[in-house]
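Input: a single structure, listed below in structure tokens.
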Amino acid sequence: MAERHFLTNFLDKNGYEAITGKEILRSIHVSGARHCLKQDRDAFVMNGLITFAGAIHAIHTCNYSWAFIQCYYAVFYLAEALLATQDVGIYYIGKKPYSIKTSAGEHFTKKSGNSHQVIFALYKDRFDGDDFLCGEIDGKNVIDWFNNKREEINYRKNPMDDPFPSHPIYKYSDNLRTWLSAYRDEYLYSFDPAHAYVAFPLQLIGRIELVYEREHSKNLFITKERVEHLAMNISDKRGPIHWIIEGIKGISNTEKLF
């Protein structure tokens, strides 16, 4: 596994670590950079699936605050993955982030803020105008809504509400299978504050699965063992939520083993 992003490692090896802001991505490195960014995309998707699965498991154990935090992180990782589908990545020189589109002649652009701020700002800029990816909840961009709720739980709730849910939707663990199917079939739940924390990342997972389908590509990090791990968490008393697991199998690197 890479200790840093694959794209960052590739660019480091090819002498970009000393950029000052005027450099461009050279044509000779475009193919390699895109290949590495696709590896990053696969890793981001895997991270998003693991954190989403953790959220579903947390609901069953009444860790409602943690369920929301996990969903927030799922959105973060999936946002990184969606940017990568647009050939947009982040190159870190030390701890300083630069955005780069992996096309010949594209400039490296210095960014400010922590990794979450950088990724979400790029996401909102890149997908501005997309009614789903940048829809609104309570008059806020869906990304800002998630971030505000995450900060409320992490920093302003004292104490946290667990094990008592602060919102009616947190009471649905016994009907989780039905709700997940509803979220799959009706995207508007993604912009209802009573449902969005699970519905939006679930819809993002579906969007990303379509990208792999269009490309006829597979995710190199989704192994049989990882699918089994996800299935144990994305489940209820009746067992795994099969339609979600089948979607993940469909983009797995080892589909023929199932």
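If you're wondering about the labels, chains in the structure tokens are A, B, ... by order shown, residues count from 1 in each chain, ligands from 1 in order shown.
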Spatial neighbours of region 15-20 of chain A, max dist 9 Å, only C-alpha atoms, sep filter under 5 positions, as a PyMOL selection string
chain A and resi 8+25+92-94+108
Just the selected residues (N, CA, C and O atoms), exported as a PDB file, in the first residue's frame, please.
```pdb
ATOM      1  N   THR A   8       0.956  11.626  -5.948  1.00  0.00           N
ATOM      2  CA  THR A   8       2.029  12.375  -5.303  1.00  0.00           C
ATOM      3  C   THR A   8       3.362  11.631  -5.437  1.00  0.00           C
ATOM      4  O   THR A   8       4.387  12.232  -5.763  1.00  0.00           O
ATOM      5  N   LEU A  25       2.250  20.339 -16.134  1.00  0.00           N
ATOM      6  CA  LEU A  25       2.429  18.901 -16.255  1.00  0.00           C
ATOM      7  C   LEU A  25       2.921  18.601 -17.669  1.00  0.00           C
ATOM      8  O   LEU A  25       2.253  18.912 -18.651  1.00  0.00           O
ATOM      9  N   TYR A  92       0.649  16.741  -3.162  1.00  0.00           N
ATOM     10  CA  TYR A  92       1.152  17.284  -1.908  1.00  0.00           C
ATOM     11  C   TYR A  92       2.675  17.395  -1.953  1.00  0.00           C
ATOM     12  O   TYR A  92       3.370  16.405  -2.194  1.00  0.00           O
ATOM     13  N   ILE A  93       3.167  18.609  -1.749  1.00  0.00           N
ATOM     14  CA  ILE A  93       4.596  18.827  -1.560  1.00  0.00           C
ATOM     15  C   ILE A  93       4.783  19.077  -0.073  1.00  0.00           C
ATOM     16  O   ILE A  93       4.447  20.152   0.433  1.00  0.00           O
ATOM     17  N   GLY A  94       5.290  18.060   0.632  1.00  0.00           N
ATOM     18  CA  GLY A  94       5.245  18.131   2.081  1.00  0.00           C
ATOM     19  C   GLY A  94       3.786  18.095   2.501  1.00  0.00           C
ATOM     20  O   GLY A  94       3.057  17.170   2.175  1.00  0.00           O
ATOM     21  N   PHE A 108      -0.052  23.584 -12.124  1.00  0.00           N
ATOM     22  CA  PHE A 108      -0.275  23.231 -10.729  1.00  0.00           C
ATOM     23  C   PHE A 108      -0.774  24.482 -10.002  1.00  0.00           C
ATOM     24  O   PHE A 108      -0.189  25.558 -10.140  1.00  0.00           O
TER      25      PHE A 108
END
```
Test item: residues at most 9 Å from region 28-43 of chain A, only C-alpha atoms, excluding those fewer than 3 positions along its chain, as a short mmCIF file (atom, residue, chain, number, x, y, z; two decimals) with all heavy atoms, in the first residue's frame:
```
data_model
loop_
_atom_site.label_atom_id
_atom_site.label_comp_id
_atom_site.auth_asym_id
_atom_site.auth_seq_id
_atom_site.Cartn_x
_atom_site.Cartn_y
_atom_site.Cartn_z
N HIS A 5 -0.36 9.44 -1.49
CA HIS A 5 -1.16 9.20 -2.68
C HIS A 5 -0.28 8.74 -3.83
O HIS A 5 0.87 9.17 -3.98
CB HIS A 5 -1.90 10.48 -3.08
CG HIS A 5 -2.98 10.85 -2.11
ND1 HIS A 5 -3.72 11.99 -2.23
CD2 HIS A 5 -3.47 10.22 -1.01
CE1 HIS A 5 -4.62 12.06 -1.25
NE2 HIS A 5 -4.48 10.99 -0.52
N PHE A 6 -0.81 7.87 -4.66
CA PHE A 6 -0.05 7.34 -5.79
C PHE A 6 0.39 8.47 -6.72
O PHE A 6 1.51 8.46 -7.23
CB PHE A 6 -0.90 6.33 -6.57
CG PHE A 6 -1.13 5.05 -5.82
CD1 PHE A 6 -2.28 4.87 -5.06
CD2 PHE A 6 -0.19 4.03 -5.85
CE1 PHE A 6 -2.50 3.69 -4.37
CE2 PHE A 6 -0.40 2.84 -5.16
CZ PHE A 6 -1.56 2.67 -4.42
N LEU A 7 -0.50 9.44 -6.95
CA LEU A 7 -0.15 10.56 -7.83
C LEU A 7 1.00 11.37 -7.24
O LEU A 7 1.93 11.75 -7.97
CB LEU A 7 -1.37 11.47 -8.05
CG LEU A 7 -1.13 12.70 -8.93
CD1 LEU A 7 -0.72 12.29 -10.34
CD2 LEU A 7 -2.37 13.59 -8.97
N THR A 8 0.96 11.63 -5.95
CA THR A 8 2.03 12.38 -5.30
C THR A 8 3.36 11.63 -5.44
O THR A 8 4.39 12.23 -5.76
CB THR A 8 1.69 12.62 -3.82
OG1 THR A 8 0.63 13.59 -3.74
CG2 THR A 8 2.90 13.15 -3.05
N ASN A 9 3.35 10.33 -5.20
CA ASN A 9 4.58 9.55 -5.33
C ASN A 9 5.13 9.61 -6.74
O ASN A 9 6.34 9.76 -6.95
CB ASN A 9 4.32 8.10 -4.93
CG ASN A 9 4.11 7.92 -3.44
OD1 ASN A 9 4.55 8.73 -2.65
ND2 ASN A 9 3.42 6.86 -3.05
N PHE A 10 4.26 9.52 -7.73
CA PHE A 10 4.69 9.55 -9.13
C PHE A 10 5.32 10.90 -9.49
O PHE A 10 6.38 10.97 -10.10
CB PHE A 10 3.49 9.28 -10.05
CG PHE A 10 3.79 9.45 -11.52
CD1 PHE A 10 4.43 8.46 -12.24
CD2 PHE A 10 3.45 10.64 -12.17
CE1 PHE A 10 4.70 8.61 -13.59
CE2 PHE A 10 3.72 10.81 -13.52
CZ PHE A 10 4.35 9.79 -14.24
N LEU A 11 4.65 11.97 -9.08
CA LEU A 11 5.17 13.30 -9.41
C LEU A 11 6.46 13.59 -8.67
O LEU A 11 7.37 14.23 -9.22
CB LEU A 11 4.10 14.36 -9.11
CG LEU A 11 2.85 14.28 -10.00
CD1 LEU A 11 1.79 15.25 -9.50
CD2 LEU A 11 3.19 14.58 -11.46
N ASN A 14 9.32 12.13 -10.48
CA ASN A 14 9.61 12.77 -11.76
C ASN A 14 9.98 14.24 -11.63
O ASN A 14 9.89 15.01 -12.59
CB ASN A 14 8.44 12.58 -12.72
CG ASN A 14 8.37 11.16 -13.25
OD1 ASN A 14 9.11 10.78 -14.16
ND2 ASN A 14 7.49 10.36 -12.67
N LEU A 25 2.25 20.34 -16.13
CA LEU A 25 2.43 18.90 -16.26
C LEU A 25 2.92 18.60 -17.67
O LEU A 25 2.25 18.91 -18.65
CB LEU A 25 1.10 18.17 -15.99
CG LEU A 25 1.16 16.64 -16.03
CD1 LEU A 25 2.06 16.11 -14.90
CD2 LEU A 25 -0.24 16.05 -15.90
N MET A 46 -12.59 2.64 -2.13
CA MET A 46 -12.51 1.62 -1.08
C MET A 46 -12.67 2.25 0.29
O MET A 46 -13.40 1.74 1.15
CB MET A 46 -11.15 0.91 -1.19
CG MET A 46 -11.00 -0.30 -0.26
SD MET A 46 -12.05 -1.69 -0.71
CE MET A 46 -13.24 -1.69 0.62
N ASN A 47 -12.00 3.38 0.52
CA ASN A 47 -12.14 4.08 1.80
C ASN A 47 -13.58 4.51 2.05
O ASN A 47 -14.09 4.41 3.18
CB ASN A 47 -11.23 5.31 1.83
CG ASN A 47 -9.75 4.95 1.83
OD1 ASN A 47 -9.38 3.81 2.07
ND2 ASN A 47 -8.91 5.94 1.54
N GLY A 48 -14.23 5.01 1.00
CA GLY A 48 -15.62 5.43 1.13
C GLY A 48 -16.55 4.28 1.48
O GLY A 48 -17.45 4.42 2.31
N TYR A 77 -14.36 10.90 1.04
CA TYR A 77 -13.61 9.99 0.17
C TYR A 77 -14.24 9.87 -1.21
O TYR A 77 -13.55 9.83 -2.23
CB TYR A 77 -13.52 8.60 0.81
CG TYR A 77 -12.61 8.53 2.01
CD1 TYR A 77 -13.07 8.03 3.23
CD2 TYR A 77 -11.27 8.94 1.94
CE1 TYR A 77 -12.24 7.94 4.34
CE2 TYR A 77 -10.44 8.87 3.05
CZ TYR A 77 -10.92 8.37 4.24
OH TYR A 77 -10.11 8.29 5.33
N LEU A 78 -15.57 9.82 -1.25
CA LEU A 78 -16.24 9.68 -2.54
C LEU A 78 -16.13 10.97 -3.35
O LEU A 78 -16.09 10.92 -4.59
CB LEU A 78 -17.71 9.28 -2.31
CG LEU A 78 -17.88 7.91 -1.64
CD1 LEU A 78 -19.35 7.69 -1.28
CD2 LEU A 78 -17.37 6.78 -2.53
N GLU A 80 -13.42 12.83 -3.32
CA GLU A 80 -12.09 12.69 -3.92
C GLU A 80 -12.15 11.78 -5.14
O GLU A 80 -11.52 12.05 -6.17
CB GLU A 80 -11.12 12.08 -2.90
CG GLU A 80 -10.64 13.03 -1.82
CD GLU A 80 -9.53 12.42 -1.01
OE1 GLU A 80 -9.79 11.42 -0.31
OE2 GLU A 80 -8.40 12.94 -1.05
N ALA A 81 -12.90 10.69 -5.02
CA ALA A 81 -13.01 9.75 -6.13
C ALA A 81 -13.69 10.39 -7.34
O ALA A 81 -13.26 10.21 -8.49
CB ALA A 81 -13.80 8.51 -5.69
N LEU A 82 -14.74 11.16 -7.10
CA LEU A 82 -15.44 11.82 -8.21
C LEU A 82 -14.56 12.86 -8.89
O LEU A 82 -14.60 13.01 -10.12
CB LEU A 82 -16.73 12.46 -7.70
CG LEU A 82 -17.86 11.47 -7.42
CD1 LEU A 82 -18.95 12.11 -6.58
CD2 LEU A 82 -18.45 10.94 -8.73
N LEU A 83 -13.75 13.57 -8.13
CA LEU A 83 -12.80 14.50 -8.74
C LEU A 83 -11.81 13.73 -9.62
O LEU A 83 -11.47 14.18 -10.72
CB LEU A 83 -12.05 15.28 -7.66
CG LEU A 83 -12.83 16.39 -6.98
CD1 LEU A 83 -12.08 16.91 -5.76
CD2 LEU A 83 -13.09 17.54 -7.95
N ALA A 84 -11.36 12.58 -9.15
CA ALA A 84 -10.43 11.78 -9.94
C ALA A 84 -11.06 11.30 -11.24
O ALA A 84 -10.36 11.18 -12.26
CB ALA A 84 -9.93 10.59 -9.12
N THR A 85 -12.37 11.07 -11.25
CA THR A 85 -13.03 10.68 -12.50
C THR A 85 -13.00 11.81 -13.52
O THR A 85 -13.18 11.58 -14.72
CB THR A 85 -14.50 10.25 -12.27
OG1 THR A 85 -15.28 11.39 -11.87
CG2 THR A 85 -14.60 9.15 -11.23
N ASP A 87 -10.29 13.60 -13.84
CA ASP A 87 -8.83 13.77 -14.02
C ASP A 87 -8.27 14.88 -13.15
O ASP A 87 -7.25 15.49 -13.48
CB ASP A 87 -8.47 14.03 -15.50
CG ASP A 87 -8.84 12.86 -16.39
OD1 ASP A 87 -8.72 11.71 -15.94
OD2 ASP A 87 -9.26 13.11 -17.54
N VAL A 88 -8.91 15.16 -12.03
CA VAL A 88 -8.45 16.20 -11.10
C VAL A 88 -7.95 15.54 -9.83
O VAL A 88 -8.65 14.71 -9.22
CB VAL A 88 -9.59 17.19 -10.77
CG1 VAL A 88 -9.12 18.20 -9.71
CG2 VAL A 88 -10.05 17.91 -12.02
N GLY A 89 -6.72 15.88 -9.45
CA GLY A 89 -6.13 15.32 -8.24
C GLY A 89 -5.42 16.38 -7.44
O GLY A 89 -5.31 17.54 -7.85
N THR A 102 -4.84 16.17 -14.85
CA THR A 102 -3.82 15.35 -15.49
C THR A 102 -3.95 15.40 -17.02
O THR A 102 -4.27 14.40 -17.68
CB THR A 102 -3.87 13.91 -14.98
OG1 THR A 102 -5.21 13.41 -15.13
CG2 THR A 102 -3.45 13.84 -13.52
N SER A 103 -3.69 16.58 -17.57
CA SER A 103 -3.66 16.80 -19.01
C SER A 103 -2.41 17.61 -19.33
O SER A 103 -1.93 18.39 -18.49
CB SER A 103 -4.90 17.55 -19.49
OG SER A 103 -6.07 16.80 -19.23
N ALA A 104 -1.88 17.43 -20.53
CA ALA A 104 -0.65 18.12 -20.92
C ALA A 104 -0.83 19.63 -20.85
O ALA A 104 -1.85 20.17 -21.29
CB ALA A 104 -0.25 17.71 -22.33
N LYS A 218 -12.42 -2.16 -13.26
CA LYS A 218 -12.60 -2.75 -11.94
C LYS A 218 -11.76 -1.99 -10.92
O LYS A 218 -10.77 -1.35 -11.26
CB LYS A 218 -12.19 -4.23 -11.95
CG LYS A 218 -12.98 -5.09 -12.93
CD LYS A 218 -14.45 -5.17 -12.57
CE LYS A 218 -15.21 -6.04 -13.55
NZ LYS A 218 -16.66 -6.10 -13.23
N ASN A 219 -12.17 -2.09 -9.67
CA ASN A 219 -11.43 -1.46 -8.58
C ASN A 219 -10.42 -2.46 -8.04
O ASN A 219 -10.79 -3.51 -7.52
CB ASN A 219 -12.40 -1.02 -7.48
CG ASN A 219 -11.73 -0.25 -6.37
OD1 ASN A 219 -10.79 -0.71 -5.75
ND2 ASN A 219 -12.23 0.95 -6.10
N LEU A 220 -9.15 -2.13 -8.15
CA LEU A 220 -8.10 -3.09 -7.81
C LEU A 220 -7.99 -3.37 -6.33
O LEU A 220 -7.34 -4.33 -5.92
CB LEU A 220 -6.76 -2.62 -8.38
CG LEU A 220 -6.09 -1.38 -7.77
CD1 LEU A 220 -4.92 -1.83 -6.91
CD2 LEU A 220 -5.61 -0.44 -8.84
N PHE A 221 -8.61 -2.55 -5.48
CA PHE A 221 -8.51 -2.75 -4.03
C PHE A 221 -9.69 -3.51 -3.43
O PHE A 221 -9.66 -3.89 -2.26
CB PHE A 221 -8.36 -1.40 -3.31
CG PHE A 221 -7.10 -0.67 -3.67
CD1 PHE A 221 -7.15 0.53 -4.36
CD2 PHE A 221 -5.86 -1.20 -3.35
CE1 PHE A 221 -5.99 1.21 -4.70
CE2 PHE A 221 -4.69 -0.54 -3.69
CZ PHE A 221 -4.76 0.66 -4.37
N ILE A 222 -10.75 -3.70 -4.21
CA ILE A 222 -11.93 -4.41 -3.68
C ILE A 222 -11.71 -5.90 -3.90
O ILE A 222 -12.08 -6.46 -4.93
CB ILE A 222 -13.23 -3.92 -4.33
CG1 ILE A 222 -13.41 -2.42 -4.14
CG2 ILE A 222 -14.43 -4.66 -3.72
CD1 ILE A 222 -14.67 -1.86 -4.77
#
```
Which residues are near region 179-184 of chain A? Cut-off 9 Å, only C-alpha atoms, ignore same chain within fewer than 4 positions. Put them as a ChimeraX atom specification.
/A:172,175,188-190,195-196,198-200,202-203,206,241,243
Which residue of A:Ile50, A:Ile137, A:Ala194, A:Ala55 approaches Phe68 (chain A) most closely, using only C-alpha atoms:
A:Ala55
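Using only C-alpha atoms, the protein and nucleic acid residues lying no more than 9 Å from Glu209 (chain A), apart from those fewer than 3 places from it along its own chain, are Leu204, Ile205, Gly206, Tyr212, Glu213, Arg214, Gly247, Ile248, Gly250 and Ile251 of chain A.
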Give me every strand (DSSP E or B) residue in region 69-154 of chain A, going by DSSP on the backbone, as a VMD selection string.
chain A and resid 88 to 93 96 to 101 107 109 to 110 136 to 137 140 to 141
Residue subset to file, keeping N, CA and C atoms, as a compact mmCIF listing (two decimals), in the first residue's frame:
```
# COMPACT_ATOMS: atom_id res chain seq x y z
N VAL A 88 -8.91 15.16 -12.03
CA VAL A 88 -8.45 16.20 -11.10
C VAL A 88 -7.95 15.54 -9.83
N GLY A 89 -6.72 15.88 -9.45
CA GLY A 89 -6.13 15.32 -8.24
C GLY A 89 -5.42 16.38 -7.44
N ILE A 90 -4.93 15.97 -6.28
CA ILE A 90 -4.15 16.85 -5.40
C ILE A 90 -2.74 16.30 -5.31
N TYR A 91 -1.78 17.19 -5.49
CA TYR A 91 -0.37 16.85 -5.34
C TYR A 91 0.14 17.53 -4.09
N TYR A 92 0.65 16.74 -3.16
CA TYR A 92 1.15 17.28 -1.91
C TYR A 92 2.67 17.39 -1.95
N ILE A 93 3.17 18.61 -1.75
CA ILE A 93 4.60 18.83 -1.56
C ILE A 93 4.78 19.08 -0.07
N LYS A 96 1.83 20.83 1.71
CA LYS A 96 1.20 21.88 0.91
C LYS A 96 0.51 21.27 -0.30
N PRO A 97 -0.81 21.51 -0.43
CA PRO A 97 -1.55 20.90 -1.53
C PRO A 97 -1.57 21.77 -2.79
N TYR A 98 -1.46 21.11 -3.94
CA TYR A 98 -1.61 21.74 -5.25
C TYR A 98 -2.62 20.92 -6.04
N SER A 99 -3.56 21.58 -6.68
CA SER A 99 -4.47 20.85 -7.56
C SER A 99 -3.84 20.74 -8.94
N ILE A 100 -4.16 19.65 -9.63
CA ILE A 100 -3.65 19.45 -10.98
C ILE A 100 -4.65 18.62 -11.77
N LYS A 101 -4.92 19.05 -12.98
CA LYS A 101 -5.68 18.23 -13.92
C LYS A 101 -4.67 17.48 -14.77
N HIS A 107 -1.50 23.67 -15.41
CA HIS A 107 -0.69 24.25 -14.36
C HIS A 107 -1.04 23.65 -12.99
N THR A 109 -1.85 24.34 -9.24
CA THR A 109 -2.44 25.49 -8.56
C THR A 109 -2.39 25.28 -7.06
N LYS A 110 -1.70 26.17 -6.36
CA LYS A 110 -1.57 26.05 -4.92
C LYS A 110 -2.91 26.29 -4.23
N GLU A 136 -28.94 21.16 -2.50
CA GLU A 136 -29.01 21.89 -1.23
C GLU A 136 -29.87 21.18 -0.20
N ILE A 137 -29.47 21.34 1.05
CA ILE A 137 -30.25 20.89 2.20
C ILE A 137 -30.43 22.09 3.11
N LYS A 140 -28.46 25.11 2.14
CA LYS A 140 -26.99 25.01 2.10
C LYS A 140 -26.57 23.95 1.09
N ASN A 141 -25.42 24.18 0.45
CA ASN A 141 -24.85 23.14 -0.38
C ASN A 141 -24.75 21.86 0.43
```
Which polymer residues have any atom within 8 Å of an atom of Ala231 (chain A), counting only C-alpha atoms, with same-chain residues fewer than 3 positions away left out, as a list in words?
Val227, Glu228, Ile234, Ser235, Pro240, Ile241 and Ile245 of chain A
For the selection you just gave me, I'd like the residues written to a file as a compact mmCIF listing (two decimals), in the first residue's frame, keeping C-alpha atoms.
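File produced: selection_25.txt:
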```txt
# COMPACT_ATOMS: atom_id res chain seq x y z
CA VAL A 227 -16.27 -7.60 0.15
CA GLU A 228 -16.83 -10.14 2.92
CA ILE A 234 -23.79 -3.57 5.56
CA SER A 235 -26.37 -5.90 7.04
CA PRO A 240 -26.23 -8.66 4.30
CA ILE A 241 -28.12 -6.07 2.23
CA ILE A 245 -23.08 -6.00 -1.89
```
Which distance in Å separates CA of Lys237 (chain A) and CA of Asp192 (chain A), to one decimal?
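One can read the CA of Lys237 (chain A) to CA of Asp192 (chain A) distance as 26.4 Å.
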Length of the CA of Glu215 (chain A) to CA of Val75 (chain A) vector [Å]
22.1 Å
Taking only region 30-195 of chain A into account, list the residues labelled alpha helix (DSSP H) by DSSP (computed from the backbone), as a ChimeraX atom specification.
/A:30-60,64-85,115-126,142-151,176-185
Which of these residues is nearest to Thr51 (chain A), using only C-alpha atoms: A:His229, A:His116, A:Lys124, A:Arg238?
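Nearest candidate to Thr51 (chain A) out of A:His229, A:His116, A:Lys124, A:Arg238: A:His229.
Closest approach to Phe52 (chain A) among A:Ser252, A:Lys224, A:Asp128, A:Ile244 is made by A:Ile244 (distances from only C-alpha atoms).
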Compare A:Ala74, A:Thr254, A:Leu210, A:Leu49 by their minimum atom-to-atom distance to Leu230 (chain A), counting only C-alpha atoms, and give me the closest one.
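For Leu230 (chain A), the nearest of the candidates is A:Leu49.
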Residues within 10 Å of Ala121 (chain A), please, as a ChimeraX atom specification. Count only C-alpha atoms; anything in the same chain fewer than 3 positions from it doesn't count.
/A:111-113,115-118,124-126,143-144
List the neighbours of Ala58 (chain A) out to 10 Å using only C-alpha atoms; skip same-chain residues closer than 6 positions along the sequence, and give me the result as a short mmCIF file (atom, residue, chain, number, x, y, z; two decimals) with C-alpha atoms, in the first residue's frame.
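Saved to out_26.cif:
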```
data_model
loop_
_atom_site.label_atom_id
_atom_site.label_comp_id
_atom_site.auth_asym_id
_atom_site.auth_seq_id
_atom_site.Cartn_x
_atom_site.Cartn_y
_atom_site.Cartn_z
CA PHE A 52 -20.10 3.84 4.87
CA TYR A 64 -25.66 7.43 16.17
CA SER A 65 -23.17 10.26 16.38
CA TRP A 66 -20.42 8.01 15.05
CA ALA A 67 -22.74 6.86 12.26
CA PHE A 68 -23.04 10.44 11.05
CA GLN A 70 -18.65 7.90 9.28
CA SER A 173 -32.47 0.48 12.60
CA ASN A 233 -21.26 -4.50 8.25
#
```
